[in-house]
>>> print(open('entry_39.txt').read())   # compact mmCIF, C-alpha atoms
# COMPACT_ATOMS: atom_id res chain seq x y z
CA MET A 8 88.14 -47.03 -100.79
CA LEU A 9 84.73 -45.69 -99.78
CA LYS A 10 86.47 -43.31 -97.44
CA ALA A 11 88.62 -41.97 -100.29
CA ILE A 12 85.55 -41.47 -102.47
CA TYR A 13 83.80 -39.66 -99.65
CA ARG A 14 86.85 -37.50 -98.89
CA ILE A 15 87.26 -36.34 -102.49
CA ALA A 16 83.55 -35.65 -102.84
CA TRP A 17 83.36 -33.82 -99.53
CA LYS A 18 86.35 -31.65 -100.43
CA ASP A 19 84.45 -30.43 -103.50
CA VAL A 20 81.01 -30.11 -101.90
CA ALA A 21 82.19 -28.41 -98.71
CA GLY A 22 84.45 -26.07 -100.67
CA ASP A 23 81.58 -25.11 -102.89
CA LEU A 24 79.08 -24.71 -100.08
CA ARG A 25 81.47 -22.26 -98.44
CA ARG A 26 82.12 -20.24 -101.58
CA ARG A 27 78.68 -20.96 -103.10
CA ALA A 28 80.31 -20.45 -106.49
CA THR A 29 78.98 -23.40 -108.49
CA LEU A 30 75.77 -23.82 -106.56
CA SER A 31 74.55 -20.27 -106.95
CA SER A 32 75.54 -19.96 -110.60
CA MET A 33 73.75 -23.26 -111.38
CA LEU A 34 70.64 -22.14 -109.55
CA PHE A 35 70.45 -18.72 -111.18
CA PHE A 36 71.21 -20.22 -114.57
CA ALA A 37 68.27 -22.61 -114.03
CA ILE A 38 65.98 -19.73 -113.12
CA SER A 39 66.96 -17.82 -116.25
CA VAL A 40 66.29 -20.92 -118.38
CA LEU A 41 62.82 -21.12 -116.82
CA VAL A 42 62.22 -17.45 -117.62
CA VAL A 43 63.28 -18.10 -121.22
CA PHE A 44 60.85 -21.02 -121.51
CA GLN A 45 58.03 -18.97 -120.02
CA ALA A 46 58.67 -16.10 -122.42
CA ALA A 47 59.06 -18.47 -125.39
CA PHE A 48 55.95 -20.63 -124.84
CA GLU A 49 53.66 -18.67 -122.49
CA PRO A 50 51.83 -21.85 -121.47
CA ASP A 51 48.46 -21.77 -119.73
CA ARG A 52 47.83 -24.16 -116.82
CA LYS A 53 46.87 -27.11 -118.97
CA GLU A 54 49.77 -26.66 -121.38
CA ALA A 55 52.15 -26.17 -118.46
CA LEU A 56 51.21 -29.57 -117.07
CA ARG A 57 51.95 -31.15 -120.44
CA LEU A 58 55.23 -29.24 -120.80
CA LEU A 59 56.41 -29.88 -117.22
CA PRO A 60 58.44 -33.09 -117.89
CA GLY A 61 60.30 -31.48 -120.78
CA LEU A 62 60.84 -28.21 -118.91
CA LEU A 63 62.27 -30.04 -115.91
CA TRP A 64 64.65 -32.20 -117.90
CA ALA A 65 65.76 -29.51 -120.32
CA THR A 66 66.46 -27.14 -117.41
CA SER A 67 68.30 -29.87 -115.48
CA LEU A 68 70.37 -30.81 -118.50
CA PHE A 69 71.44 -27.22 -119.25
CA THR A 70 72.12 -26.59 -115.58
CA THR A 71 74.24 -29.74 -115.35
CA LEU A 72 76.45 -28.30 -118.09
CA VAL A 73 77.17 -25.26 -115.92
CA GLY A 74 78.19 -27.50 -113.02
CA LEU A 75 80.29 -29.78 -115.22
CA GLY A 76 82.33 -26.85 -116.50
CA ARG A 77 83.59 -26.50 -112.92
CA VAL A 78 84.03 -30.10 -111.78
CA PHE A 79 87.79 -29.89 -112.15
CA GLN A 80 88.09 -26.20 -111.34
CA ALA A 81 89.66 -26.88 -107.94
CA GLU A 82 92.31 -28.96 -109.71
CA GLU A 83 93.17 -26.43 -112.44
CA GLU A 84 95.95 -24.64 -110.60
CA ASP A 85 99.38 -25.55 -109.24
CA GLY A 86 99.34 -29.07 -110.69
CA ALA A 87 96.63 -30.07 -108.23
CA PHE A 88 95.19 -32.56 -110.75
CA GLU A 89 98.49 -34.42 -110.96
CA GLY A 90 98.60 -34.29 -107.17
CA LEU A 91 95.19 -35.90 -106.97
CA LEU A 92 96.29 -38.63 -109.40
CA LEU A 93 99.27 -39.37 -107.16
CA ALA A 94 96.95 -40.42 -104.34
CA SER A 95 97.52 -44.09 -103.54
CA VAL A 96 94.06 -45.23 -104.62
CA PRO A 97 92.92 -46.66 -107.97
CA ARG A 98 91.98 -44.14 -110.66
CA GLY A 99 88.39 -45.38 -110.58
CA VAL A 100 88.12 -44.32 -106.93
CA ILE A 101 89.30 -40.81 -107.79
CA PHE A 102 86.72 -40.72 -110.55
CA PHE A 103 83.91 -41.83 -108.25
CA GLY A 104 84.95 -39.17 -105.73
CA LYS A 105 84.72 -36.40 -108.32
CA TRP A 106 81.46 -37.89 -109.60
CA LEU A 107 79.88 -38.02 -106.15
CA GLY A 108 80.74 -34.39 -105.46
CA ASN A 109 79.18 -33.30 -108.75
CA LEU A 110 76.16 -35.57 -108.19
CA LEU A 111 75.39 -34.06 -104.79
CA LEU A 112 75.57 -30.48 -106.06
CA THR A 113 73.50 -31.28 -109.14
CA LEU A 114 70.82 -33.10 -107.11
CA LEU A 115 70.64 -30.21 -104.66
CA VAL A 116 69.98 -27.79 -107.53
CA GLU A 117 67.43 -30.12 -109.16
CA PHE A 118 65.54 -30.51 -105.89
CA LEU A 119 65.28 -26.72 -105.74
CA ILE A 120 64.30 -26.43 -109.43
CA LEU A 121 61.32 -28.77 -109.14
CA PRO A 122 59.14 -26.77 -106.69
CA LEU A 123 60.34 -23.57 -108.35
CA THR A 124 59.12 -24.76 -111.75
CA MET A 125 55.78 -25.79 -110.29
CA VAL A 126 55.32 -22.38 -108.68
CA LEU A 127 56.49 -20.36 -111.67
CA PHE A 128 54.37 -22.29 -114.16
CA ASN A 129 51.32 -22.74 -111.91
CA VAL A 130 51.40 -26.51 -112.14
CA ASP A 131 49.45 -28.40 -109.53
CA ALA A 132 51.26 -31.73 -109.16
CA TRP A 133 52.43 -31.52 -105.56
CA GLN A 134 51.38 -35.12 -104.78
CA GLN A 135 53.72 -36.44 -107.44
CA ILE A 136 56.79 -34.65 -106.07
CA PRO A 137 58.41 -37.69 -104.36
CA MET A 138 58.04 -39.80 -107.51
CA ILE A 139 59.39 -37.04 -109.78
CA LEU A 140 62.34 -36.48 -107.45
CA ALA A 141 63.07 -40.21 -107.55
CA ILE A 142 63.06 -40.16 -111.37
CA LEU A 143 65.28 -37.06 -111.45
CA THR A 144 67.73 -38.75 -109.06
CA LEU A 145 67.77 -41.94 -111.09
CA GLY A 146 68.53 -40.03 -114.30
CA THR A 147 71.11 -37.78 -112.67
CA LEU A 148 73.24 -40.74 -111.51
CA GLY A 149 74.15 -41.64 -115.10
CA LEU A 150 74.04 -38.08 -116.36
CA THR A 151 76.68 -36.86 -113.92
CA GLY A 152 78.71 -40.04 -114.43
CA LEU A 153 78.98 -39.42 -118.17
CA GLY A 154 79.32 -35.68 -117.54
CA THR A 155 82.22 -36.03 -115.11
CA LEU A 156 84.07 -38.18 -117.63
CA LEU A 157 83.48 -35.62 -120.39
CA ALA A 158 84.64 -32.86 -118.03
CA ALA A 159 87.89 -34.79 -117.46
CA MET A 160 88.17 -35.34 -121.23
CA THR A 161 87.86 -31.64 -122.06
CA ARG A 162 90.20 -30.44 -119.32
CA GLY A 163 92.32 -27.65 -120.76
CA ALA A 164 90.44 -27.63 -124.07
CA ARG A 165 89.72 -24.43 -125.96
CA SER A 166 86.11 -23.15 -125.75
CA ARG A 167 85.45 -25.93 -123.30
CA GLU A 168 81.84 -25.12 -122.35
CA THR A 169 80.66 -25.30 -125.95
CA LEU A 170 82.58 -28.53 -126.46
CA LEU A 171 81.01 -30.06 -123.34
CA ALA A 172 77.54 -29.25 -124.64
CA LEU A 173 78.36 -30.64 -128.10
CA LEU A 174 79.59 -33.92 -126.59
CA LEU A 175 77.12 -34.37 -123.73
CA LEU A 176 73.80 -33.54 -125.40
CA PRO A 177 73.78 -36.24 -128.14
CA LEU A 178 75.08 -38.94 -125.79
CA THR A 179 72.35 -38.21 -123.26
CA ALA A 180 69.51 -38.50 -125.79
CA PRO A 181 68.30 -41.84 -124.27
CA LEU A 182 68.32 -40.27 -120.80
CA LEU A 183 66.32 -37.27 -121.93
CA ILE A 184 63.76 -39.42 -123.74
CA SER A 185 63.24 -41.89 -120.89
CA GLY A 186 63.37 -39.23 -118.18
CA VAL A 187 60.76 -37.08 -119.89
CA GLN A 188 58.50 -40.07 -120.61
CA ALA A 189 58.81 -41.33 -117.03
CA VAL A 190 57.87 -37.96 -115.50
CA ALA A 191 55.04 -37.60 -118.01
CA ALA A 192 53.73 -41.04 -116.97
CA THR A 193 53.51 -39.96 -113.32
CA LEU A 194 51.37 -36.97 -114.28
CA VAL A 195 48.61 -38.96 -116.01
CA GLU A 196 46.48 -41.73 -114.62
CA ASP A 197 47.69 -45.28 -115.32
CA GLY A 198 50.71 -44.07 -117.33
CA ALA A 199 53.21 -46.80 -118.22
CA ILE A 200 56.25 -45.79 -116.24
CA SER A 201 58.20 -49.04 -115.79
CA PRO A 202 59.75 -49.37 -119.29
CA TRP A 203 61.20 -45.87 -118.97
CA LEU A 204 62.53 -46.57 -115.48
CA LYS A 205 64.17 -49.71 -116.85
CA LEU A 206 65.85 -47.67 -119.60
CA LEU A 207 67.10 -45.15 -117.01
CA VAL A 208 68.54 -47.98 -114.91
CA ILE A 209 70.26 -49.49 -117.96
CA PHE A 210 71.73 -46.09 -118.82
CA ASP A 211 73.00 -45.63 -115.24
CA LEU A 212 74.49 -49.12 -115.00
CA VAL A 213 76.26 -48.89 -118.35
CA TYR A 214 77.73 -45.48 -117.64
CA LEU A 215 78.74 -46.05 -114.05
CA ALA A 216 80.40 -49.31 -115.12
CA ILE A 217 82.34 -47.91 -118.07
CA THR A 218 83.28 -44.36 -117.01
CA PRO A 219 85.75 -45.24 -114.20
CA TRP A 220 87.72 -47.39 -116.65
CA ALA A 221 87.53 -44.74 -119.34
CA PHE A 222 88.84 -42.19 -116.83
CA GLY A 223 91.78 -44.50 -116.20
CA TRP A 224 92.64 -44.67 -119.93
CA LEU A 225 92.24 -40.93 -120.21
CA VAL A 226 94.70 -39.88 -117.50
CA GLU A 227 97.25 -42.65 -118.10
CA GLU A 228 100.74 -41.22 -118.46
CA MET X 9 103.67 -45.14 -146.48
CA ASN X 10 104.39 -46.29 -150.02
CA ILE X 11 102.16 -49.30 -149.47
CA LEU X 12 99.29 -46.95 -148.73
CA LYS X 13 99.93 -45.20 -152.05
CA LYS X 14 99.72 -48.48 -153.98
CA ILE X 15 96.64 -49.62 -152.09
CA GLN X 16 95.09 -46.27 -152.82
CA PHE X 17 95.64 -46.64 -156.56
CA PHE X 18 94.10 -50.11 -156.84
CA VAL X 19 91.23 -49.35 -154.48
CA GLY X 20 90.53 -46.18 -156.44
CA LEU X 21 90.47 -48.11 -159.71
CA ALA X 22 88.16 -50.78 -158.30
CA THR X 23 85.88 -48.07 -156.87
CA LEU X 24 85.54 -46.36 -160.23
CA ILE X 25 84.74 -49.62 -162.05
CA SER X 26 82.22 -50.88 -159.50
CA LEU X 27 80.51 -47.49 -159.19
CA ALA X 28 80.18 -47.32 -162.98
CA VAL X 29 78.77 -50.85 -163.22
CA GLY X 30 76.42 -50.29 -160.28
CA LEU X 31 75.08 -46.99 -161.58
CA TRP X 32 74.57 -48.50 -165.02
CA TYR X 33 72.46 -51.24 -163.39
CA VAL X 34 70.46 -48.59 -161.51
CA TYR X 35 69.81 -46.83 -164.80
CA GLN X 36 68.64 -50.14 -166.32
CA ALA X 37 66.57 -51.28 -163.32
CA PRO X 38 62.80 -50.93 -163.70
CA ALA X 39 60.95 -48.27 -161.73
CA ASP X 40 59.10 -49.51 -158.65
CA PHE X 41 55.34 -50.02 -159.09
CA GLN X 42 54.63 -47.92 -156.00
CA GLN X 43 57.57 -45.58 -155.74
CA GLY X 44 58.27 -44.93 -159.41
CA GLY X 45 61.66 -43.46 -160.35
CA ALA X 46 62.27 -42.23 -156.79
CA VAL X 47 63.18 -45.78 -155.77
CA ARG X 48 66.56 -45.21 -157.47
CA ILE X 49 67.57 -42.85 -154.64
CA LEU X 50 67.59 -45.90 -152.35
CA TYR X 51 70.55 -47.32 -154.29
CA ILE X 52 72.58 -44.41 -152.95
CA HIS X 53 70.80 -44.06 -149.63
CA VAL X 54 71.05 -47.65 -148.37
CA PRO X 55 74.78 -48.13 -149.13
CA SER X 56 75.71 -44.74 -147.66
CA ALA X 57 73.77 -45.54 -144.48
CA LYS X 58 75.73 -48.80 -144.22
CA LEU X 59 78.98 -46.89 -144.68
CA ALA X 60 78.01 -44.28 -142.07
CA LEU X 61 77.75 -47.11 -139.52
CA LEU X 62 80.68 -49.18 -140.84
CA SER X 63 82.93 -46.13 -140.52
CA TYR X 64 82.00 -45.91 -136.85
CA LEU X 65 82.83 -49.58 -136.38
CA PHE X 66 86.19 -49.02 -138.09
CA LEU X 67 86.79 -45.93 -135.94
CA THR X 68 86.02 -47.85 -132.75
CA VAL X 69 88.40 -50.70 -133.62
CA ALA X 70 91.14 -48.20 -134.52
CA SER X 71 90.55 -46.31 -131.27
CA ILE X 72 90.76 -49.47 -129.16
CA LEU X 73 93.98 -50.44 -130.96
CA TYR X 74 95.41 -46.99 -130.34
CA LEU X 75 94.64 -47.03 -126.61
CA TRP X 76 95.90 -50.58 -126.27
CA LYS X 77 98.99 -50.69 -128.50
CA ARG X 78 99.77 -46.96 -128.84
CA TRP X 79 100.19 -47.29 -132.60
CA GLU X 80 100.15 -43.87 -134.17
CA SER X 81 98.89 -45.33 -137.44
CA ALA X 82 95.74 -46.54 -135.65
CA ASP X 83 95.15 -42.97 -134.48
CA ILE X 84 95.65 -41.63 -138.01
CA LEU X 85 93.11 -44.14 -139.36
CA ALA X 86 90.67 -43.20 -136.58
CA GLU X 87 90.97 -39.54 -137.45
CA ALA X 88 90.47 -40.30 -141.15
CA ALA X 89 87.45 -42.54 -140.46
CA ALA X 90 85.72 -39.80 -138.44
CA SER X 91 85.58 -37.35 -141.34
CA VAL X 92 84.74 -40.05 -143.91
CA GLY X 93 81.95 -41.35 -141.65
CA ALA X 94 80.60 -37.83 -141.18
CA ALA X 95 80.51 -37.37 -144.97
CA PHE X 96 78.51 -40.59 -145.49
CA THR X 97 76.15 -39.64 -142.64
CA VAL X 98 75.42 -36.32 -144.32
CA LEU X 99 74.87 -38.14 -147.63
CA THR X 100 72.47 -40.57 -145.90
CA LEU X 101 70.45 -37.80 -144.27
CA ALA X 102 70.35 -35.72 -147.47
CA SER X 103 69.37 -38.60 -149.79
CA GLY X 104 66.79 -39.77 -147.25
CA SER X 105 65.22 -36.32 -147.14
CA ILE X 106 65.09 -36.07 -150.93
CA TRP X 107 63.40 -39.49 -151.03
CA GLY X 108 61.11 -38.66 -148.10
CA LYS X 109 59.60 -35.56 -149.65
CA PRO X 110 57.76 -37.33 -152.53
CA MET X 111 57.19 -40.60 -150.59
CA TRP X 112 56.15 -39.42 -147.13
CA GLY X 113 55.21 -35.86 -148.11
CA THR X 114 57.74 -34.43 -145.69
CA TRP X 115 61.48 -33.83 -145.63
CA TRP X 116 61.91 -35.03 -142.09
CA VAL X 117 60.17 -37.16 -139.47
CA TRP X 118 61.44 -37.83 -135.96
CA ASP X 119 61.52 -41.57 -136.43
CA ALA X 120 64.01 -43.93 -134.83
CA ARG X 121 66.52 -44.29 -137.63
CA LEU X 122 66.51 -40.65 -138.70
CA THR X 123 67.01 -39.51 -135.13
CA SER X 124 69.84 -42.00 -134.54
CA MET X 125 71.55 -40.88 -137.76
CA LEU X 126 71.33 -37.24 -136.71
CA VAL X 127 72.82 -38.09 -133.31
CA LEU X 128 75.57 -40.04 -135.09
CA LEU X 129 76.40 -36.96 -137.15
CA ILE X 130 76.71 -34.81 -134.01
CA LEU X 131 78.91 -37.49 -132.46
CA TYR X 132 81.25 -37.51 -135.50
CA LYS X 133 81.42 -33.71 -135.30
CA GLY X 134 82.20 -33.94 -131.57
CA LEU X 135 85.06 -36.36 -132.26
CA MET X 136 86.51 -34.02 -134.88
CA VAL X 137 86.23 -30.91 -132.68
CA LEU X 138 87.55 -32.58 -129.51
CA ARG X 139 90.78 -33.67 -131.18
CA HIS X 140 91.68 -30.18 -132.29
CA SER X 141 90.65 -28.29 -129.20
CA LEU X 142 93.35 -29.85 -127.04
CA ASP X 143 96.81 -28.34 -127.47
CA ASP X 144 98.75 -31.52 -126.78
CA PRO X 145 98.21 -33.84 -129.80
CA VAL X 146 98.75 -36.98 -127.71
CA LYS X 147 96.13 -35.88 -125.19
CA GLY X 148 93.81 -34.99 -128.04
CA ALA X 149 94.29 -38.41 -129.63
CA ARG X 150 93.67 -40.24 -126.38
CA ALA X 151 90.59 -38.18 -125.44
CA THR X 152 89.16 -38.76 -128.93
CA ALA X 153 89.76 -42.51 -128.70
CA VAL X 154 88.02 -42.71 -125.31
CA LEU X 155 85.09 -40.68 -126.64
CA ALA X 156 84.84 -43.00 -129.67
CA ILE X 157 84.49 -46.01 -127.37
CA ILE X 158 81.91 -44.24 -125.17
CA GLY X 159 80.00 -43.40 -128.34
CA ALA X 160 80.16 -47.01 -129.53
CA VAL X 161 78.56 -48.11 -126.26
CA ASP X 162 75.98 -45.35 -126.41
CA LEU X 163 74.86 -45.72 -130.04
CA PRO X 164 72.87 -48.96 -129.48
CA ILE X 165 71.24 -47.45 -126.37
CA ILE X 166 70.34 -44.34 -128.34
CA HIS X 167 68.95 -46.46 -131.14
CA TYR X 168 66.77 -48.64 -128.94
CA SER X 169 65.52 -45.76 -126.84
CA VAL X 170 64.41 -43.92 -129.95
CA VAL X 171 62.82 -47.11 -131.33
CA TRP X 172 60.77 -47.40 -128.15
CA TRP X 173 59.94 -43.76 -128.39
CA ARG X 174 58.50 -43.81 -131.91
CA THR X 175 58.74 -45.74 -135.10
CA LEU X 176 57.25 -44.84 -138.42
CA HIS X 177 60.05 -45.73 -140.77
CA GLN X 178 59.84 -48.56 -143.27
CA PRO X 179 61.37 -51.80 -142.06
CA PRO X 180 64.95 -52.29 -143.25
CA SER X 181 65.10 -52.95 -146.98
CA LEU X 182 67.38 -55.97 -146.82
CA ALA X 183 66.06 -57.62 -143.64
CA SER X 184 65.20 -61.27 -143.93
CA GLY X 185 62.82 -63.46 -141.99
CA GLU X 186 59.42 -62.56 -140.61
CA ASN X 187 60.28 -58.94 -139.99
CA ALA X 188 60.87 -58.22 -143.63
CA GLN X 189 57.74 -56.59 -145.00
CA VAL X 190 59.28 -54.95 -147.99
CA HIS X 191 61.32 -57.23 -150.19
CA ILE X 192 63.85 -56.03 -152.65
CA THR X 193 64.20 -58.88 -155.07
CA GLY X 194 64.65 -59.71 -158.72
CA PRO X 195 66.08 -56.98 -160.91
CA LEU X 196 66.36 -54.51 -158.02
CA LEU X 197 68.78 -56.61 -155.97
CA PRO X 198 71.98 -56.75 -158.12
CA PRO X 199 72.49 -52.97 -158.32
CA LEU X 200 71.99 -52.66 -154.57
CA LEU X 201 74.59 -55.33 -153.86
CA ILE X 202 77.06 -53.95 -156.40
CA LEU X 203 76.65 -50.41 -155.11
CA SER X 204 77.03 -51.56 -151.50
CA GLY X 205 80.38 -53.11 -152.52
CA ALA X 206 81.30 -50.00 -154.49
CA PHE X 207 80.56 -47.78 -151.49
CA ILE X 208 82.72 -49.95 -149.23
CA LEU X 209 85.57 -49.51 -151.72
CA LEU X 210 84.84 -45.79 -151.93
CA GLY X 211 84.97 -45.54 -148.13
CA LEU X 212 88.31 -47.36 -148.07
CA TYR X 213 89.65 -45.09 -150.80
CA MET X 214 88.54 -41.97 -148.94
CA VAL X 215 90.11 -43.26 -145.70
CA THR X 216 93.45 -43.90 -147.42
CA VAL X 217 93.49 -40.45 -149.05
CA LYS X 218 92.56 -38.79 -145.77
CA ALA X 219 95.07 -40.89 -143.80
CA ARG X 220 97.92 -39.91 -146.13
CA GLN X 221 96.92 -36.27 -145.83
CA ILE X 222 96.83 -36.46 -142.02
CA GLU X 223 100.18 -38.21 -141.96
CA ALA X 224 101.74 -35.49 -144.14
CA ARG X 225 100.16 -32.82 -141.92
CA ARG X 226 101.66 -34.40 -138.80
CA ARG X 227 105.11 -34.65 -140.41
CA LEU X 228 104.90 -30.96 -141.34
CA ASP X 229 103.87 -30.04 -137.80
CA ALA X 230 106.79 -32.04 -136.41
CA LEU X 231 109.21 -30.29 -138.81
CA GLU X 232 107.78 -26.92 -137.86
CA ALA X 233 108.18 -27.73 -134.17
CA ALA X 234 111.77 -28.87 -134.75
CA ARG X 235 112.56 -25.67 -136.67
CA MET X 236 111.09 -23.47 -133.92
CA HIS X 237 113.13 -25.42 -131.41
CA HIS X 238 116.28 -24.96 -133.53
CA ASP X 239 115.77 -21.19 -133.85
CA GLU X 240 115.57 -20.66 -130.12
>>> encode(input="entry_39.txt", output="structure tokens")
Amino acid sequence: MLKAIYRIAWKDVAGDLRRRATLSSMLFFAISVLVVFQAAFEPDRKEALRLLPGLLWATSLFTTLVGLGRVFQAEEEDGAFEGLLLASVPRGVIFFGKWLGNLLLTLLVEFLILPLTMVLFNVDAWQQIPMILAILTLGTLGLTGLGTLLAAMTRGARSRETLLALLLLPLTAPLLISGVQAVAATLVEDGAISPWLKLLVIFDLVYLAITPWAFGWLVEE
Amino acid sequence: MNILKKIQFFVGLATLISLAVGLWYVYQAPADFQQGGAVRILYIHVPSAKLALLSYLFLTVASILYLWKRWESADILAEAAASVGAAFTVLTLASGSIWGKPMWGTWWVWDARLTSMLVLLILYKGLMVLRHSLDDPVKGARATAVLAIIGAVDLPIIHYSVVWWRTLHQPPSLASGENAQVHITGPLLPPLLILSGAFILLGLYMVTVKARQIEARRRLDALEAARMHHDE
């Protein structure tokens, strides 16, 4: 089971690392979002520190959408998706494989975005980096879980990227709220971080429990 | 679907009568000592908010039934409930804003219930768009049903996360127990109860009309497909 998950994920990650298609477009999309934010708000150092949690999460969320549009790209042609479904493992395992591949790519991009944001916005919070990365990772688990399901749901849909954004953004409202509040709490002294971490964990657990089943209902023939 | 036609007639009649009685009561009810005449907006606002949520419940049950039993009628009802629910959500947001301007001095605040309602509206819209952006109607129906269930799981999480985030709204008007700080009692209560019933009937009526329309649409599409097939 674990081996099948790993194999499916590795197929996607290795394929993408060789072509650098998804990874580079996600990264450059993230940079252009940061440029847009800079031009729109022109924050000074103090404002930038206050805006940092929102900037990070908004950029991650938009960037995730770019990656999600391509989760099933490898399976678009020659009935490869049906081929994948024929594999003699439960549907949930296939889902977790696709999820893990997307998770790894998304995390890689987020880990690059964080120092980049700090440099571009002149924010001095280098000591908090491990904690912020942990929060980003925690949020991304559920985010990519829900996202991978929505990507499977909108396979072959017209104007798919817009549809993905329309479906993903409202459903991830709790994630955005708790993620932003948690990062904000690390940046101030004695900020209350634990309720937000709890909410992130609840979000992750609920989504990673329900999405493999939902994927099964979705692809049932 | 002749039964649906009969149900539609009687539900429509009952809706008209109860709406008329309820609105007459609202007209007769005294103005609130704090809110004045604006309190009457709540007789529309509170029932439509209930219907916005009830429609989602109805939609979820229909979606589960569709995935489980593959009944096409469950899918038709789910599709009908999505647009009816969206209509009541818009009515809730609009009436709330009209009430909020004189009472709070602002059309909109980012409080828990307003934010959840706005998210609910986007979710209804997503359900409607998803169904029609997939070419295969069966795939569209199944994807929409799965999304409806995901949404049903997410809505409470959204609600509680926004409650934690900020709360400025009045406590619910009809809550009981220690949490109830604002009591609607005496002459204000009957119109609210009657209108809540009337809105439930109205919602049912709208769902039956919409369901019949969707059913006719699907029959036409099937005929069209058969004709195209015949021509080839």
>>> residues_around(input="entry_39.txt", residues="X:Trp79", least_positions_apart="6", cutoff="12 Å", atoms="only C-alpha atoms", output="list in words")
Ala70, Ser71, Ile72, Leu73, Leu85, Ala86, Val146, Ala149 and Arg150 of chain X
>>> atom_distance(input="entry_39.txt", atom1="atom CA of A:Val187", atom2="atom CA of A:Leu174")
20.2 Å
>>> residues_around(input="entry_39.txt", residues="A:Val78", least_positions_apart="3", cutoff="10 Å", atoms="only C-alpha atoms", output="list in words")
Asp19, Thr29, Val73, Gly74, Leu75, Ala81, Glu82, Glu83, Lys105, Trp106, Gly108, Asn109, Gly154, Thr155, Leu156, Ala158, Ala159 and Arg162 of chain A
>>> closest_residue(input="entry_39.txt", among="X:Glu87, X:Asp143, X:Asp119, X:Glu80", to="A:Arg165", atoms="all atoms listed in the file")
X:Asp143
>>> closest_residue(input="entry_39.txt", among="X:His238, X:Arg226, X:Lys218, X:Lys109", to="X:Pro145", atoms="all atoms listed in the file")
X:Arg226
>>> residues_around(input="entry_39.txt", residues="stretch 43-46 of chain X", least_positions_apart="2", cutoff="12 Å", atoms="only C-alpha atoms", output="PyMOL selection string")
chain X and resi 34-41+48-53+103-112
>>> atom_distance(input="entry_39.txt", atom1="atom CA of X:Pro199", atom2="atom CA of X:Leu21")
18.7 Å
>>> atom_distance(input="entry_39.txt", atom1="atom CA of A:Ile136", atom2="atom CA of A:Leu121")
8.0 Å
>>> residues_around(input="entry_39.txt", residues="A:Ala192", least_positions_apart="4", cutoff="12 Å", atoms="all atoms listed in the file", output="MDAnalysis selection string")
chainID A and resid 56:57 59:60 135 138:139 142 185:188 196:204
>>> closest_residue(input="entry_39.txt", among="A:Leu127, A:Ala189, A:Leu175, A:Leu143", to="A:Leu115", atoms="all atoms listed in the file")
A:Leu143
>>> interface_residues(input="entry_39.txt", of="chain X", to="chain A", cutoff="12 Å", atoms="all atoms listed in the file", output="MDAnalysis selection string")
chainID X and resid 71:72 74:76 78 120 123:174
>>> build_atoms(input="entry_39.txt", residues="stretch 87-98 of chain A", atoms="N, CA and C atoms", output="JSON list (two decimals), in the frame of the given file")
[["chain", "number", "residue", "atom", "x", "y", "z"],
["A", 87, "ALA", "N", 97.41, -29.35, -109.24],
["A", 87, "ALA", "CA", 96.63, -30.07, -108.23],
["A", 87, "ALA", "C", 96.03, -31.36, -108.81],
["A", 88, "PHE", "N", 95.76, -31.36, -110.14],
["A", 88, "PHE", "CA", 95.19, -32.56, -110.75],
["A", 88, "PHE", "C", 96.19, -33.71, -110.69],
["A", 89, "GLU", "N", 97.44, -33.39, -111.03],
["A", 89, "GLU", "CA", 98.49, -34.42, -110.96],
["A", 89, "GLU", "C", 98.65, -34.89, -109.52],
["A", 90, "GLY", "N", 98.52, -33.94, -108.58],
["A", 90, "GLY", "CA", 98.60, -34.29, -107.17],
["A", 90, "GLY", "C", 97.52, -35.28, -106.78],
["A", 91, "LEU", "N", 96.32, -35.01, -107.27],
["A", 91, "LEU", "CA", 95.19, -35.90, -106.97],
["A", 91, "LEU", "C", 95.45, -37.30, -107.54],
["A", 92, "LEU", "N", 96.02, -37.33, -108.76],
["A", 92, "LEU", "CA", 96.29, -38.63, -109.40],
["A", 92, "LEU", "C", 97.35, -39.42, -108.63],
["A", 93, "LEU", "N", 98.21, -38.70, -107.90],
["A", 93, "LEU", "CA", 99.27, -39.37, -107.16],
["A", 93, "LEU", "C", 98.74, -40.09, -105.92],
["A", 94, "ALA", "N", 97.53, -39.78, -105.53],
["A", 94, "ALA", "CA", 96.95, -40.42, -104.34],
["A", 94, "ALA", "C", 96.99, -41.94, -104.52],
["A", 95, "SER", "N", 97.28, -42.65, -103.42],
["A", 95, "SER", "CA", 97.52, -44.09, -103.54],
["A", 95, "SER", "C", 96.21, -44.88, -103.55],
["A", 96, "VAL", "N", 95.29, -44.47, -104.42],
["A", 96, "VAL", "CA", 94.06, -45.23, -104.62],
["A", 96, "VAL", "C", 93.89, -45.43, -106.12],
["A", 97, "PRO", "N", 93.12, -46.45, -106.54],
["A", 97, "PRO", "CA", 92.92, -46.66, -107.97],
["A", 97, "PRO", "C", 92.28, -45.43, -108.62],
["A", 98, "ARG", "N", 92.53, -45.29, -109.93],
["A", 98, "ARG", "CA", 91.98, -44.14, -110.66],
["A", 98, "ARG", "C", 90.47, -44.11, -110.61]]
